[in-house]
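Undergrad: Have a look at this one before I ask anything.
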Amino acid sequence: MGKVGLIIRREYLTRVRKKSFLLMTILGPLIMAAIMIVPVWMASVNVSVKKVLVLDEAGFIEGLLQENDDVKFFYTRTPLKKSLSTLDADGYFALVHVPRFQENDINHLQRQIKLYSAKQVSLSMKLFVRNQIEKQIERLKLQSQGVDQDLVDNVKKSVNVPLEIIPLDGEKGSGVEMNTALGMIGGILIYFFIFLFGAQVMRGVIEEKTNRIVEVIISSVKPFQLMMGKILGIALVGLTQFLLWVILTGTIYTVFMGTVVKEKLSSDKMEALMKQSPDGTAVADYDELKQTQQMVNEVSRINWGLMIPCFIFYFLGGYLLYGAMFAAIGGAVDSEADTQQFMLPVSAPLILSFVMAQTVLNDPNGSLAVWLSIIPFTSPIIMMVRLPFGVHYSEVLLSMGMLILGFILTTWAAAKIYRTGILMYGKRPTWKEMLRWLRY
């Protein structure tokens, strides 16, 4: 095994044996799986039901408020003061009070309706109750104008345009929402992985330089070999962790979808739900199941065979590009506090690409998105954001080629700074001095 190989082996084994590596390897998949599972799980569990008492002195909403799985309405004629005094004891969460009003004073009524509660009311509950009351006030206003409420409701229900997107190449991919989420998640992971493992390279170099271990090491290996060994060794640590995350996350997600959600999303159960509710009372549950099923189908239609290899390439390419510069910074300074003046200019393109990700999502095929996905300093994040929306293979190959070329040039420049900086002590270098080191 060559000298670079020995350094790679040491860096790799030293880090994978740490408790922090094992802990993050276990927690990472759990967190990533939770991001995908929790929304599905929350749609399938029952939360505590809030009993809301309704005191309708005007007599226009009694028995008309629609309920859901979270909120149930109960009506009373007991005076307000007495109802409030026994509200909590009777097991009610809140009370809606509708005062008496004149027929021509509906607008004034809207400001008089109150929701009393001894406990904190959630935003979702407030919006739901308000929405139900607004529907009844709308019904009153329509009646005053001689408009049939049932006719209006039927018109609203009949208007539903899903607007399915059909690519001209005939391939049916996932929806726009799923592509947006996948692109953003891919960009965020690349961003944090590069900073996380790049910072490890920098700290490792600073630690060896501070302890004067590096002086012993470079008596046996060249500075360039030492830098490449550290960068590649930590890259393998990150790749190992990522692959374990993919395998464990996929296993957790597959098991959950195959056991917990499979029976819930079965077409037989959805049809049975509708048969049990000919009056339409289960429409909300049916729509919720359809949305959950649609989300699961979109996840299954993602081209994982393209996304995962591209993610690995851009993670490694972006890490090697920035890792070399982080190693050069670590070799040029004596302590981590001295790195601040160099970190911002070096990491600025990476931060810029993260900030521009939202703009790219709005126009993934625009000229700005294309150029940012080709420039090596921004392509690792921007290309991952664009890939779910479909990118021509020529642009992907050009982006990959430019990233490889950028890594070679950056590594050459970083090695020039690194080989001089690791033997410099007691003086904080300036940008002018580091540029002079490039000409040595």
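Naming scheme: A, B, ... for chains in displayed order of the structure tokens; residues 1 onward per chain; ligands 1 onward as shown.
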List every residue of region 195-265 of chain A that DSSP, applied to the backbone of this structure, assigns to helix (DSSP H, G or I), and report them as a ChimeraX atom specification.
TA: /A:195-210,213-217,223-261
Undergrad: Met228 (chain A): which residues within 9 Å, counting only C-alpha atoms, same-chain residues fewer than 2 positions away excluded, as an mmCIF file with C-alpha atoms, in the first residue's frame?
TA:
data_model
loop_
_atom_site.group_PDB
_atom_site.id
_atom_site.type_symbol
_atom_site.label_atom_id
_atom_site.label_comp_id
_atom_site.auth_asym_id
_atom_site.auth_seq_id
_atom_site.Cartn_x
_atom_site.Cartn_y
_atom_site.Cartn_z
ATOM 1 C CA VAL A 4 -1.309 8.031 0.227
ATOM 2 C CA ILE A 7 -2.922 8.026 5.119
ATOM 3 C CA ILE A 8 -6.359 7.312 3.645
ATOM 4 C CA PRO A 223 2.909 17.508 1.635
ATOM 5 C CA PHE A 224 0.743 16.841 -1.445
ATOM 6 C CA GLN A 225 0.448 13.160 -0.507
ATOM 7 C CA LEU A 226 -0.539 14.119 3.039
ATOM 8 C CA LYS A 230 -6.604 13.341 4.364
ATOM 9 C CA ILE A 231 -9.107 14.609 1.773
ATOM 10 C CA LEU A 232 -9.768 11.188 0.215
ATOM 11 C CA GLY A 233 -9.873 9.416 3.583
ATOM 12 C CA ALA A 324 -8.780 20.944 -0.943
ATOM 13 C CA THR A 411 -6.218 20.951 -5.833
ATOM 14 C CA ALA A 415 -1.354 22.015 -2.721
#
Undergrad: Given the choices A:Ser347, A:Arg111, A:Phe342, A:Met384, which gets closest to Trp431 (chain A) if the distance is worked out from only C-alpha atoms?
TA: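 Result for the nearest residue to Trp431 (chain A): A:Phe342.
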Undergrad: Mind checking which residues fall within 10 Å of Phe21 (chain A), counting only C-alpha atoms, ignoring those fewer than 6 positions away in the same chain, and posting them as a PyMOL selection string?
TA: chain A and resi 15+27+237-238+241
Undergrad: I'd like the interatomic distance between CA of Ile351 (chain A) and CA of Met400 (chain A), to a tenth of an Å.
TA: 20.0 Å
Undergrad: Can you pull out the residues contacting Ile234 (chain A)? Cut-off 9 Å, using only C-alpha atoms, and skip same-chain residues under 5 positions away; I want them as an MDAnalysis selection string.
TA: chainID A and resid 8 11:12 15 197:198 200:201 229 239
Undergrad: Go through A:Pro79, A:Gln110, A:Leu398, A:Lys3 one by one, measure the shortest atom-to-atom distance of each to Gln136 (chain A) using only C-alpha atoms, and give the residue with the smallest value.
TA: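 When distances to Gln136 (chain A) are compared using only C-alpha atoms, the smallest one comes from A:Gln110.
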Undergrad: Residues within 8 Å of Val360 (chain A), please, as an MDAnalysis selection string. Count only C-alpha atoms; anything in the same chain fewer than 3 positions from it doesn't count.
TA: chainID A and resid 356:357 363:366 368:369 382 385:386
Undergrad: Create the file for the chosen residues now, containing C-alpha atoms and written as an mmCIF file, in the first residue's frame.
TA:
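This is the output file again.cif:
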data_model
loop_
_atom_site.group_PDB
_atom_site.id
_atom_site.type_symbol
_atom_site.label_atom_id
_atom_site.label_comp_id
_atom_site.auth_asym_id
_atom_site.auth_seq_id
_atom_site.Cartn_x
_atom_site.Cartn_y
_atom_site.Cartn_z
ATOM 1 C CA MET A 356 -30.060 30.869 -5.327
ATOM 2 C CA ALA A 357 -31.674 27.429 -5.007
ATOM 3 C CA ASP A 363 -37.150 28.419 -13.341
ATOM 4 C CA PRO A 364 -35.045 25.219 -13.439
ATOM 5 C CA ASN A 365 -34.346 25.519 -17.186
ATOM 6 C CA GLY A 366 -33.567 29.245 -17.293
ATOM 7 C CA LEU A 368 -29.219 31.483 -14.832
ATOM 8 C CA ALA A 369 -29.960 27.960 -13.580
ATOM 9 C CA ILE A 382 -27.670 23.759 -8.292
ATOM 10 C CA VAL A 385 -31.865 21.115 -7.479
ATOM 11 C CA ARG A 386 -32.410 20.896 -11.257
#
Undergrad: Within 12 Å of Glu208 (chain A), counting only C-alpha atoms, which residues show up once you throw out same-chain ones fewer than 5 positions away? Write them as a list in words, please.
TA: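 Returned residues: Val201, Met202, Arg203, Ile213, Val214, Glu215, Val216, Ile217, Ile218, Leu226, Met227, Lys230, Ala327, Gly330, Gly331, Val333, Asp334, Ser335, Ile422 and Leu423 of chain A.
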Undergrad: Using the selection just defined, write its residues with C-alpha atoms as an mmCIF file, in the first residue's frame.
TA:
data_model
loop_
_atom_site.group_PDB
_atom_site.id
_atom_site.type_symbol
_atom_site.label_atom_id
_atom_site.label_comp_id
_atom_site.auth_asym_id
_atom_site.auth_seq_id
_atom_site.Cartn_x
_atom_site.Cartn_y
_atom_site.Cartn_z
ATOM 1 C CA VAL A 201 -10.307 18.218 6.972
ATOM 2 C CA MET A 202 -9.461 21.754 8.080
ATOM 3 C CA ARG A 203 -9.656 20.923 11.798
ATOM 4 C CA ILE A 213 2.799 16.024 14.442
ATOM 5 C CA VAL A 214 2.851 17.263 10.855
ATOM 6 C CA GLU A 215 6.614 17.873 11.069
ATOM 7 C CA VAL A 216 7.151 14.188 11.772
ATOM 8 C CA ILE A 217 4.702 13.083 9.086
ATOM 9 C CA ILE A 218 6.194 15.161 6.246
ATOM 10 C CA LEU A 226 -0.539 14.119 3.039
ATOM 11 C CA MET A 227 -3.198 16.564 1.821
ATOM 12 C CA LYS A 230 -6.604 13.341 4.364
ATOM 13 C CA ALA A 327 -7.117 21.849 3.764
ATOM 14 C CA GLY A 330 -6.007 24.661 7.744
ATOM 15 C CA GLY A 331 -2.366 24.445 6.695
ATOM 16 C CA VAL A 333 -3.222 29.111 9.983
ATOM 17 C CA ASP A 334 -2.235 28.144 13.514
ATOM 18 C CA SER A 335 -5.690 28.022 15.117
ATOM 19 C CA ILE A 422 1.998 23.653 7.162
ATOM 20 C CA LEU A 423 5.518 24.657 8.146
#
Undergrad: What gap, in Å, lies between CA of Lys50 (chain A) and CA of Leu80 (chain A)?
TA: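 CA of Leu80 (chain A) lies at a distance of 19.4 Å from CA of Lys50 (chain A).
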Undergrad: With a cut-off of 9 Å, could you pull out the residues of region 111-156 of chain A touching region 61-64 of chain A and give me the nearest pair of atoms for each, distance in Å to one decimal, using only C-alpha atoms, ordered by chain and ascending number, as a Markdown table?
TA:
| residue | atom | partner | partner_atom | distance |
| --- | --- | --- | --- | --- |
| A:Gln132 | CA | A:Leu64 | CA | 8.8 |
| A:Ile133 | CA | A:Ile61 | CA | 7.5 |
| A:Gln136 | CA | A:Ile61 | CA | 6.4 |
| A:Ile137 | CA | A:Ile61 | CA | 8.5 |
Undergrad: Rounded to one decimal, what separation in Å do you get between CA of Phe93 (chain A) and CA of Arg77 (chain A)?
TA: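 Between CA of Phe93 (chain A) and CA of Arg77 (chain A) the gap works out to 17.4 Å.
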Undergrad: Find the residue from A:Ser20, A:Ala34, A:Ser399, A:Gln120 that sits nearest to Trp371 (chain A); use only C-alpha atoms when measuring.
TA: A:Ser399
Undergrad: Pick the closest to Leu53 (chain A) from A:His97, A:Lys81, A:Arg139, A:Arg419: which is it, counting only C-alpha atoms?
TA: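 For Leu53 (chain A), the nearest of the candidates is A:His97.
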